[in-house]
$ cat coords00.txt   # compact mmCIF, C-alpha atoms and all ligand atoms
# COMPACT_ATOMS: atom_id res chain seq x y z
CA MET A 1 1.99 11.90 -35.34
CA THR A 2 0.24 10.56 -32.27
CA ILE A 3 -1.44 13.02 -30.00
CA GLN A 4 -1.40 11.98 -26.39
CA SER A 5 -4.66 13.44 -25.21
CA GLU A 6 -5.04 11.35 -22.08
CA ARG A 7 -2.58 11.25 -19.25
CA TRP A 8 -2.28 8.44 -16.75
CA CYS A 9 -0.76 7.91 -13.33
CA ASP A 10 -0.18 5.26 -10.65
CA LEU A 11 -0.64 6.42 -7.07
CA HIS A 12 0.23 3.22 -5.17
CA CYS A 13 3.71 1.69 -5.60
CA HIS A 14 6.28 -0.03 -3.42
CA THR A 15 10.08 0.00 -3.62
CA THR A 16 13.01 -1.80 -1.99
CA CYS A 17 12.51 0.49 1.02
CA SER A 18 9.62 -1.82 1.93
CA ASP A 19 8.65 -4.98 0.07
CA GLY A 20 8.93 -3.98 -3.60
CA SER A 21 11.83 -5.09 -5.81
CA ASP A 22 12.66 -1.82 -7.66
CA THR A 23 14.72 0.89 -6.02
CA PRO A 24 12.91 4.25 -5.92
CA ARG A 25 14.99 5.42 -8.90
CA GLU A 26 14.20 2.25 -10.89
CA LEU A 27 10.50 2.69 -10.13
CA VAL A 28 10.50 6.23 -11.52
CA ALA A 29 12.44 5.10 -14.61
CA ARG A 30 9.84 2.39 -15.19
CA ALA A 31 7.02 4.91 -14.78
CA ARG A 32 8.61 6.96 -17.54
CA GLU A 33 8.96 3.88 -19.79
CA ALA A 34 5.31 3.07 -19.11
CA GLY A 35 4.34 6.57 -20.26
CA LEU A 36 2.91 7.63 -16.91
CA ALA A 37 2.67 11.34 -16.19
CA ALA A 38 2.90 10.79 -12.42
CA VAL A 39 3.83 8.06 -9.97
CA ALA A 40 3.46 7.90 -6.18
CA VAL A 41 5.87 6.09 -3.91
CA THR A 42 3.83 4.62 -1.05
CA ASP A 43 6.01 2.23 0.90
CA HIS A 44 4.64 0.40 3.94
CA ASP A 45 5.24 2.43 7.09
CA THR A 46 8.33 4.26 5.80
CA VAL A 47 9.19 7.42 3.82
CA GLU A 48 12.84 6.41 3.24
CA GLY A 49 12.53 6.17 -0.54
CA LEU A 50 10.93 9.54 -1.21
CA ALA A 51 14.01 11.75 -1.57
CA GLN A 52 15.62 9.44 -4.12
CA ALA A 53 12.36 9.10 -6.06
CA THR A 54 11.75 12.84 -6.19
CA ALA A 55 15.32 13.48 -7.36
CA ALA A 56 14.91 10.85 -10.09
CA GLY A 57 11.56 12.37 -11.08
CA GLY A 58 13.22 15.74 -11.60
CA GLU A 59 15.89 14.21 -13.83
CA LEU A 60 13.55 11.98 -15.83
CA GLY A 61 10.61 14.34 -16.19
CA VAL A 62 8.12 12.26 -14.19
CA GLU A 63 5.96 13.89 -11.53
CA VAL A 64 6.60 12.08 -8.24
CA VAL A 65 3.92 12.19 -5.55
CA GLU A 66 5.42 11.63 -2.12
CA GLY A 67 3.37 9.15 -0.13
CA VAL A 68 3.26 6.42 2.48
CA GLU A 69 0.99 3.45 3.27
CA LEU A 70 0.12 2.88 6.93
CA SER A 71 -1.20 -0.42 8.28
CA VAL A 72 -4.08 0.32 10.64
CA LEU A 73 -6.01 -1.67 13.25
CA HIS A 74 -9.23 -3.08 11.83
CA PRO A 75 -10.05 -6.60 13.03
CA PRO A 76 -12.51 -7.58 10.25
CA GLY A 77 -9.91 -7.22 7.46
CA ASN A 78 -6.97 -5.22 6.12
CA LEU A 79 -7.18 -1.47 6.56
CA HIS A 80 -4.37 0.46 4.92
CA ILE A 81 -4.36 4.25 4.79
CA LEU A 82 -2.36 6.00 2.09
CA GLY A 83 -1.00 9.44 2.91
CA TYR A 84 -0.01 11.87 0.16
CA LEU A 85 2.02 15.07 0.00
CA GLY A 86 2.59 15.59 3.73
CA ARG A 87 5.66 17.15 5.29
CA TRP A 88 6.63 13.74 6.58
CA ASP A 89 9.61 14.92 8.59
CA GLN A 90 7.38 16.44 11.30
CA PRO A 91 8.32 14.92 14.69
CA GLY A 92 4.77 13.73 15.45
CA PHE A 93 4.59 11.76 12.23
CA GLN A 94 8.11 10.38 12.64
CA ALA A 95 7.03 9.10 16.08
CA ILE A 96 4.10 7.28 14.47
CA LEU A 97 6.42 5.67 11.92
CA ARG A 98 8.82 4.57 14.66
CA ARG A 99 5.93 2.96 16.53
CA VAL A 100 4.73 0.94 13.56
CA GLN A 101 8.26 0.01 12.55
CA GLU A 102 8.91 -1.26 16.06
CA ALA A 103 5.74 -3.35 15.91
CA ARG A 104 7.08 -4.86 12.68
CA SER A 105 10.46 -5.68 14.19
CA ASN A 106 8.78 -7.34 17.15
CA ARG A 107 6.64 -9.40 14.85
CA ASN A 108 9.30 -10.75 12.50
CA PRO A 109 11.22 -12.99 14.96
CA ARG A 110 7.91 -14.29 16.30
CA MET A 111 6.84 -15.30 12.81
CA VAL A 112 10.21 -16.97 12.26
CA GLU A 113 9.68 -18.88 15.49
CA ARG A 114 6.17 -19.98 14.41
CA LEU A 115 7.52 -21.21 11.10
CA ARG A 116 10.31 -23.12 12.85
CA GLU A 117 7.72 -24.75 15.10
CA LEU A 118 5.90 -25.78 11.93
CA GLY A 119 9.07 -27.49 10.72
CA VAL A 120 10.24 -24.76 8.33
CA ASP A 121 13.94 -24.03 8.77
CA ILE A 122 14.41 -20.27 8.33
CA SER A 123 16.30 -17.57 10.21
CA MET A 124 16.16 -13.81 10.72
CA ASP A 125 19.54 -13.52 8.96
CA GLU A 126 18.14 -15.10 5.81
CA LEU A 127 15.15 -12.77 5.95
CA ARG A 128 17.35 -9.69 6.33
CA GLU A 129 19.33 -10.82 3.31
CA MET A 130 16.10 -11.24 1.33
CA ALA A 131 14.98 -7.71 2.31
CA GLU A 132 18.33 -6.18 1.22
CA GLY A 133 18.20 -3.52 3.90
CA GLY A 134 14.55 -2.65 3.31
CA GLN A 135 11.84 -3.05 5.88
CA ILE A 136 10.94 -6.75 6.30
CA GLY A 137 7.37 -7.72 5.39
CA ARG A 138 5.45 -10.90 4.72
CA PRO A 139 6.36 -10.91 1.00
CA HIS A 140 10.00 -11.41 2.08
CA PHE A 141 8.95 -14.42 4.15
CA ALA A 142 7.05 -15.69 1.11
CA ARG A 143 9.98 -15.26 -1.27
CA LEU A 144 12.31 -16.99 1.19
CA LEU A 145 9.94 -19.95 1.48
CA VAL A 146 9.87 -20.19 -2.33
CA ALA A 147 13.68 -19.92 -2.56
CA LYS A 148 14.00 -22.74 -0.02
CA GLY A 149 11.59 -24.96 -1.92
CA VAL A 150 9.15 -25.11 1.01
CA VAL A 151 6.36 -23.89 -1.29
CA SER A 152 6.21 -23.47 -5.03
CA SER A 153 4.85 -19.91 -5.17
CA VAL A 154 4.38 -16.72 -3.20
CA HIS A 155 0.66 -17.38 -3.40
CA GLU A 156 1.07 -20.81 -1.79
CA ALA A 157 3.29 -19.30 0.94
CA PHE A 158 0.52 -16.84 1.88
CA ASP A 159 -2.17 -19.48 1.61
CA ARG A 160 -0.45 -22.12 3.76
CA TYR A 161 1.47 -19.97 6.22
CA LEU A 162 1.24 -16.19 6.01
CA LYS A 163 -2.24 -14.86 5.31
CA LYS A 164 -4.45 -13.56 8.10
CA GLY A 165 -5.63 -16.62 10.04
CA ALA A 166 -2.88 -18.92 8.67
CA PRO A 167 -0.60 -20.69 11.21
CA ALA A 168 2.44 -18.38 10.96
CA TYR A 169 0.47 -15.12 10.77
CA ILE A 170 0.96 -12.60 13.53
CA PRO A 171 -0.85 -9.26 13.38
CA LYS A 172 1.32 -6.17 13.38
CA SER A 173 -0.97 -3.12 13.26
CA VAL A 174 -0.85 -0.93 16.35
CA LEU A 175 -2.27 2.28 14.91
CA ARG A 176 -5.90 3.18 15.45
CA PRO A 177 -7.67 4.66 12.39
CA GLU A 178 -8.04 8.10 14.00
CA GLU A 179 -4.30 8.16 14.83
CA ALA A 180 -3.43 7.40 11.21
CA MET A 181 -5.76 10.11 9.83
CA GLU A 182 -4.65 12.72 12.38
CA GLY A 183 -0.98 11.89 11.86
CA ILE A 184 -1.27 12.42 8.10
CA VAL A 185 -3.48 15.52 8.34
CA SER A 186 -1.21 17.09 10.97
CA CYS A 187 1.62 17.27 8.44
CA GLY A 188 -0.60 18.69 5.74
CA GLY A 189 -1.02 15.34 3.98
CA VAL A 190 -4.11 13.79 2.40
CA PRO A 191 -5.36 10.48 3.93
CA VAL A 192 -6.85 8.06 1.40
CA LEU A 193 -8.46 4.65 1.96
CA ALA A 194 -6.34 2.01 0.17
CA HIS A 195 -7.80 -1.01 -1.70
CA PRO A 196 -11.29 -1.03 -0.12
CA PHE A 197 -11.87 -4.61 -1.33
CA SER A 198 -9.67 -5.91 1.53
CA LEU A 199 -11.66 -4.53 4.47
CA GLY A 200 -13.61 -7.70 5.19
CA HIS A 201 -17.03 -6.05 4.86
CA ARG A 202 -20.14 -8.25 4.80
CA ASP A 203 -21.86 -6.04 2.24
CA LEU A 204 -21.61 -2.63 0.60
CA GLU A 205 -23.79 -1.04 3.23
CA GLU A 206 -21.30 -2.00 5.93
CA LEU A 207 -18.42 -0.74 3.80
CA GLU A 208 -20.19 2.59 3.28
CA GLY A 209 -20.79 2.94 7.03
CA TRP A 210 -17.10 2.42 7.76
CA VAL A 211 -16.04 4.96 5.13
CA GLU A 212 -18.40 7.51 6.69
CA GLU A 213 -16.85 6.87 10.12
CA TRP A 214 -13.33 7.28 8.75
CA ARG A 215 -14.36 10.47 6.95
CA GLU A 216 -15.40 11.87 10.33
CA MET A 217 -11.84 11.10 11.48
CA GLY A 218 -10.29 12.96 8.56
CA LEU A 219 -10.30 10.60 5.58
CA GLN A 220 -10.24 12.60 2.33
CA GLY A 221 -10.14 10.10 -0.51
CA VAL A 222 -10.86 6.57 -1.72
CA GLU A 223 -8.65 4.41 -3.93
CA CYS A 224 -11.37 3.54 -6.43
CA TYR A 225 -9.16 2.34 -9.32
CA TYR A 226 -7.19 -0.71 -8.10
CA SER A 227 -5.78 -3.92 -9.58
CA GLU A 228 -8.24 -6.18 -7.73
CA HIS A 229 -11.38 -4.07 -8.27
CA ASP A 230 -13.76 -5.11 -11.05
CA PRO A 231 -15.47 -2.41 -13.12
CA ALA A 232 -18.74 -2.61 -11.17
CA PHE A 233 -16.98 -2.19 -7.80
CA THR A 234 -14.86 0.67 -9.20
CA ARG A 235 -18.00 2.46 -10.39
CA TRP A 236 -19.69 1.92 -7.04
CA LEU A 237 -16.67 3.34 -5.20
CA ILE A 238 -16.56 6.41 -7.45
CA GLY A 239 -20.25 6.98 -6.67
CA LEU A 240 -19.53 6.57 -2.95
CA ALA A 241 -16.62 9.03 -3.06
CA ARG A 242 -18.77 11.60 -4.90
CA ARG A 243 -21.68 11.15 -2.45
CA LEU A 244 -19.40 11.67 0.53
CA GLY A 245 -17.35 14.48 -0.98
CA LEU A 246 -14.12 12.42 -1.05
CA ALA A 247 -11.39 12.46 -3.69
CA VAL A 248 -11.29 9.65 -6.28
CA THR A 249 -7.80 8.14 -6.53
CA GLY A 250 -6.22 4.97 -7.90
CA GLY A 251 -3.13 2.81 -7.91
CA SER A 252 -1.91 -0.63 -8.96
CA ASP A 253 -0.06 -1.59 -5.73
CA TYR A 254 2.96 -2.36 -7.90
CA HIS A 255 5.65 -4.39 -6.06
CA GLY A 256 7.86 -5.43 -9.03
CA ARG A 257 9.04 -9.05 -8.82
CA ALA A 258 7.40 -9.46 -5.43
CA LYS A 259 4.00 -9.36 -7.21
CA PRO A 260 4.85 -10.32 -10.77
CA HIS A 261 1.23 -10.37 -11.97
CA ILE A 262 0.79 -6.63 -11.25
CA ALA A 263 2.18 -4.20 -13.84
CA LEU A 264 2.99 -0.59 -13.08
CA GLY A 265 0.05 1.60 -14.07
CA ARG A 266 -1.79 -1.37 -15.65
CA GLY A 267 -2.44 -3.77 -12.74
CA ARG A 268 -3.61 -7.08 -14.16
CA GLY A 269 -3.66 -5.55 -17.63
CA ASP A 270 -6.82 -3.51 -17.90
CA LEU A 271 -6.18 -0.86 -15.25
CA ARG A 272 -5.94 2.82 -16.26
CA ILE A 273 -5.77 5.60 -13.70
CA PRO A 274 -6.61 9.07 -15.00
CA TYR A 275 -4.23 11.90 -14.16
CA SER A 276 -7.21 13.78 -12.67
CA CYS A 277 -6.63 11.69 -9.52
CA VAL A 278 -3.35 13.58 -8.94
CA GLU A 279 -5.18 16.88 -9.38
CA GLU A 280 -7.84 15.86 -6.85
CA ILE A 281 -5.17 15.10 -4.26
CA ARG A 282 -3.18 18.27 -4.98
CA ARG A 283 -6.32 20.38 -4.67
CA LEU A 284 -7.02 18.98 -1.19
CA CYS A 285 -3.44 19.45 -0.12
CA ARG A 286 -3.49 23.15 -0.95
CA GLN A 287 -6.57 23.82 1.18
P1 LIG B 301 2.91 -7.03 5.84
O1 LIG B 301 2.96 -5.55 5.67
O2 LIG B 301 4.21 -7.60 6.29
O3 LIG B 301 1.75 -7.51 6.67
O4 LIG B 301 2.70 -7.62 4.38
C1 LIG B 301 1.74 -7.05 3.56
C2 LIG B 301 2.08 -7.33 2.14
O5 LIG B 301 1.79 -8.68 1.84
C3 LIG B 301 1.28 -6.47 1.17
O6 LIG B 301 2.17 -5.89 0.25
C4 LIG B 301 0.40 -7.41 0.45
O7 LIG B 301 0.30 -7.08 -0.90
C5 LIG B 301 1.08 -8.75 0.60
N1 LIG B 301 0.05 -9.78 0.70
C6 LIG B 301 -0.92 -9.85 1.62
N2 LIG B 301 -1.69 -10.96 1.40
C7 LIG B 301 -1.18 -11.58 0.30
C8 LIG B 301 -1.52 -12.77 -0.44
N3 LIG B 301 -2.55 -13.56 -0.07
N4 LIG B 301 -0.77 -13.08 -1.52
C9 LIG B 301 0.28 -12.30 -1.88
N5 LIG B 301 0.64 -11.16 -1.24
C10 LIG B 301 -0.07 -10.81 -0.15
ZN ZN B 302 3.55 -4.56 0.15
FE FE B 303 -1.90 -2.27 1.19
FE FE B 304 0.50 -1.41 -1.00
$ encode --input "coords00.txt" --output "structure tokens" --more "lines below"
Ligand code: AMP
Ligand code: ZN
Ligand code: FE
Ligand code: FE
Amino acid sequence: MTIQSERWCDLHCHTTCSDGSDTPRELVARAREAGLAAVAVTDHDTVEGLAQATAAGGELGVEVVEGVELSVLHPPGNLHILGYLGRWDQPGFQAILRRVQEARSNRNPRMVERLRELGVDISMDELREMAEGGQIGRPHFARLLVAKGVVSSVHEAFDRYLKKGAPAYIPKSVLRPEEAMEGIVSCGGVPVLAHPFSLGHRDLEELEGWVEEWREMGLQGVECYYSEHDPAFTRWLIGLARRLGLAVTGGSDYHGRAKPHIALGRGRGDLRIPYSCVEEIRRLCRQ
């Protein structure tokens, strides 16, 4: 008999409601297959998938943590704020979501236009088809470019056209960090800094300074365990979180087929996220 003494979770996952390839129900089923005790749904700028995921969690015996991932203004790099366990139907928060979703819809046709100017023949209709009713994001552009043979991989699509600074890139964030924190806190949710490696910091001292500023605005946790963090960076982040009194959390940023090299709960293969991360978030939420 095997005794499962350790429990694991994944607190950062995308579904077809944004740019992942599993429906919320499929994601929860996969979490169960992977032996995870808990999984969070954190789609980009939408909470559409949460009800289905929570219902599936009840049926399949997987704890579902209801979340969201907001894209936030931060010129040096990519600042994403995860929100967990809020009452997301509050009007103030819904207004924030509508604002970011509108910024996305304004951006998509402009990116299509840029690509057409660059000689790439794509249309909004094709993109909508690729997104299957979910919110359109750059990974859909990337998959369309691959399907059309313009590039040979999603990676190449980002490198040549879509990444920050590339010719078809158009920024979409409209939310200031304090608006994101306040929006999440105002519905009783817990704001957590996503994938700190992507912030564009010059050194760890700068990164620490930013985290302190965001804590003043209401930040309550740091995603220390993450697919792209090496063990030394993970350890440093855990130390930072402890020094600043912030929760330690973790997630793979699973997107299914849209990011085939990232496995649910396991990232690039060696990721493990202790269940204690769920407890840290739940403790903050109750306060
Ligand atoms: P968007 O929200 O439309 O700006 O797109 C963000 C999504 O694109 C996130 O899910 C990222 O994981 C993905 N992404 C960003 N940069 C890259 C990259 N260089 N290669 C692959 N995926 C990326
Ligand atoms: Zn994504
Ligand atoms: Fe992100
Ligand atoms: Fe993400």
$ closest_residue --input "coords00.txt" --among "A:His44, A:His74, A:Arg138, A:Arg243" --to "Gln101 of chain A" --atoms "only C-alpha atoms"
A:His44
$ residues_near_ligand --input "coords00.txt" --ligand "ligand FE 304 (chain B)" --cutoff "7 Å" --atoms "only C-alpha atoms and all ligand atoms" --output "list of chain:residue names"
A:His12, A:Cys13, A:His14, A:Thr42, A:Asp43, A:His44, A:Glu69, A:Asp253
$ closest_atom_pairs --input "coords00.txt" --of "chain A" --to "ligand FE 303 (chain B)" --cutoff "8 Å" --atoms "all atoms listed in the file" --output "CSV"
residue,atom,partner,partner_atom,distance
A:His44,CA,B:FE303,FE,7.6
A:Glu69,CA,B:FE303,FE,6.7
A:Leu70,CA,B:FE303,FE,8.0
A:Ser71,CA,B:FE303,FE,7.4
A:Asn78,CA,B:FE303,FE,7.7
A:Leu79,CA,B:FE303,FE,7.6
A:His80,CA,B:FE303,FE,5.2
A:Ile81,CA,B:FE303,FE,7.8
A:Ala194,CA,B:FE303,FE,6.3
A:His195,CA,B:FE303,FE,6.7
A:Asp253,CA,B:FE303,FE,7.2
$ atom_distance --input "coords00.txt" --atom1 "atom CA of Gly92 of chain A" --atom2 "atom CA of Glu212 of chain A"
25.5 Å
$ closest_residue --input "coords00.txt" --among "A:Leu73, A:Val278, A:Val68, A:Ala168" --to "ligand ZN 302 (chain B)" --atoms "only C-alpha atoms and all ligand atoms"
A:Val68
$ residues_near_point --input "coords00.txt" --point "(-6.1, -5.3, 12.4)" --cutoff "12 Å" --atoms "all atoms listed in the file" --output "VMD selection string"
chain A and resid 70 to 80 164 to 165 169 to 177 198 to 200
$ residues_near_ligand --input "coords00.txt" --ligand "ligand LIG 301 (chain B)" --cutoff "7 Å" --atoms "only C-alpha atoms and all ligand atoms" --output "list in words"
Asp19, His44, Ile136, Gly137, Arg138, Pro139, Val154, His155, Phe158, Asp159, Lys163 and Lys172 of chain A
$ closest_residue --input "coords00.txt" --among "A:Gly83, A:Gly256, A:Gly267, A:Gly20" --to "Gly133 of chain A" --atoms "all atoms listed in the file"
A:Gly20
$ closest_residue --input "coords00.txt" --among "A:Ala34, A:Cys187, A:Ile262, A:Val192" --to "ligand ZN 302 (chain B)" --atoms "only C-alpha atoms and all ligand atoms"
A:Ile262
$ residues_around --input "coords00.txt" --residues "Ala241 of chain A" --least-positions-apart "6" --cutoff "7 Å" --atoms "all atoms listed in the file" --output "list in words"
Val222, Ala247 and Val248 of chain A
$ residues_around --input "coords00.txt" --residues "Ala29 of chain A" --least-positions-apart "6" --cutoff "12 Å" --atoms "only C-alpha atoms" --output "MDAnalysis selection string"
chainID A and resid 22:23 35:39 52:64 264
$ atom_distance --input "coords00.txt" --atom1 "atom CA of Leu162 of chain A" --atom2 "atom CA of Glu228 of chain A"
19.5 Å
$ atom_distance --input "coords00.txt" --atom1 "atom CA of Asn106 of chain A" --atom2 "atom CA of Leu50 of chain A"
25.0 Å
$ residues_near_point --input "coords00.txt" --point "(-4.7, -1.4, -17.7)" --cutoff "12 Å" --atoms "only C-alpha atoms" --output "NGL selection string"
:A and (8-10 or 34 or 36 or 225-231 or 250-252 or 262-274)
$ closest_residue --input "coords00.txt" --among "A:Ala40, A:Ile281, A:Ser276, A:Tyr161" --to "Gly119 of chain A" --atoms "all atoms listed in the file"
A:Tyr161
$ closest_residue --input "coords00.txt" --among "A:Ser186, A:Thr15, A:Thr249, A:Ser21" --to "Gly86 of chain A" --atoms "only C-alpha atoms"
A:Ser186
$ residues_around --input "coords00.txt" --residues "Val112 of chain A" --least-positions-apart "4" --cutoff "9 Å" --atoms "all atoms listed in the file" --output "number ranges by chain"
A: 107-108, 116-117, 120-124, 141, 168
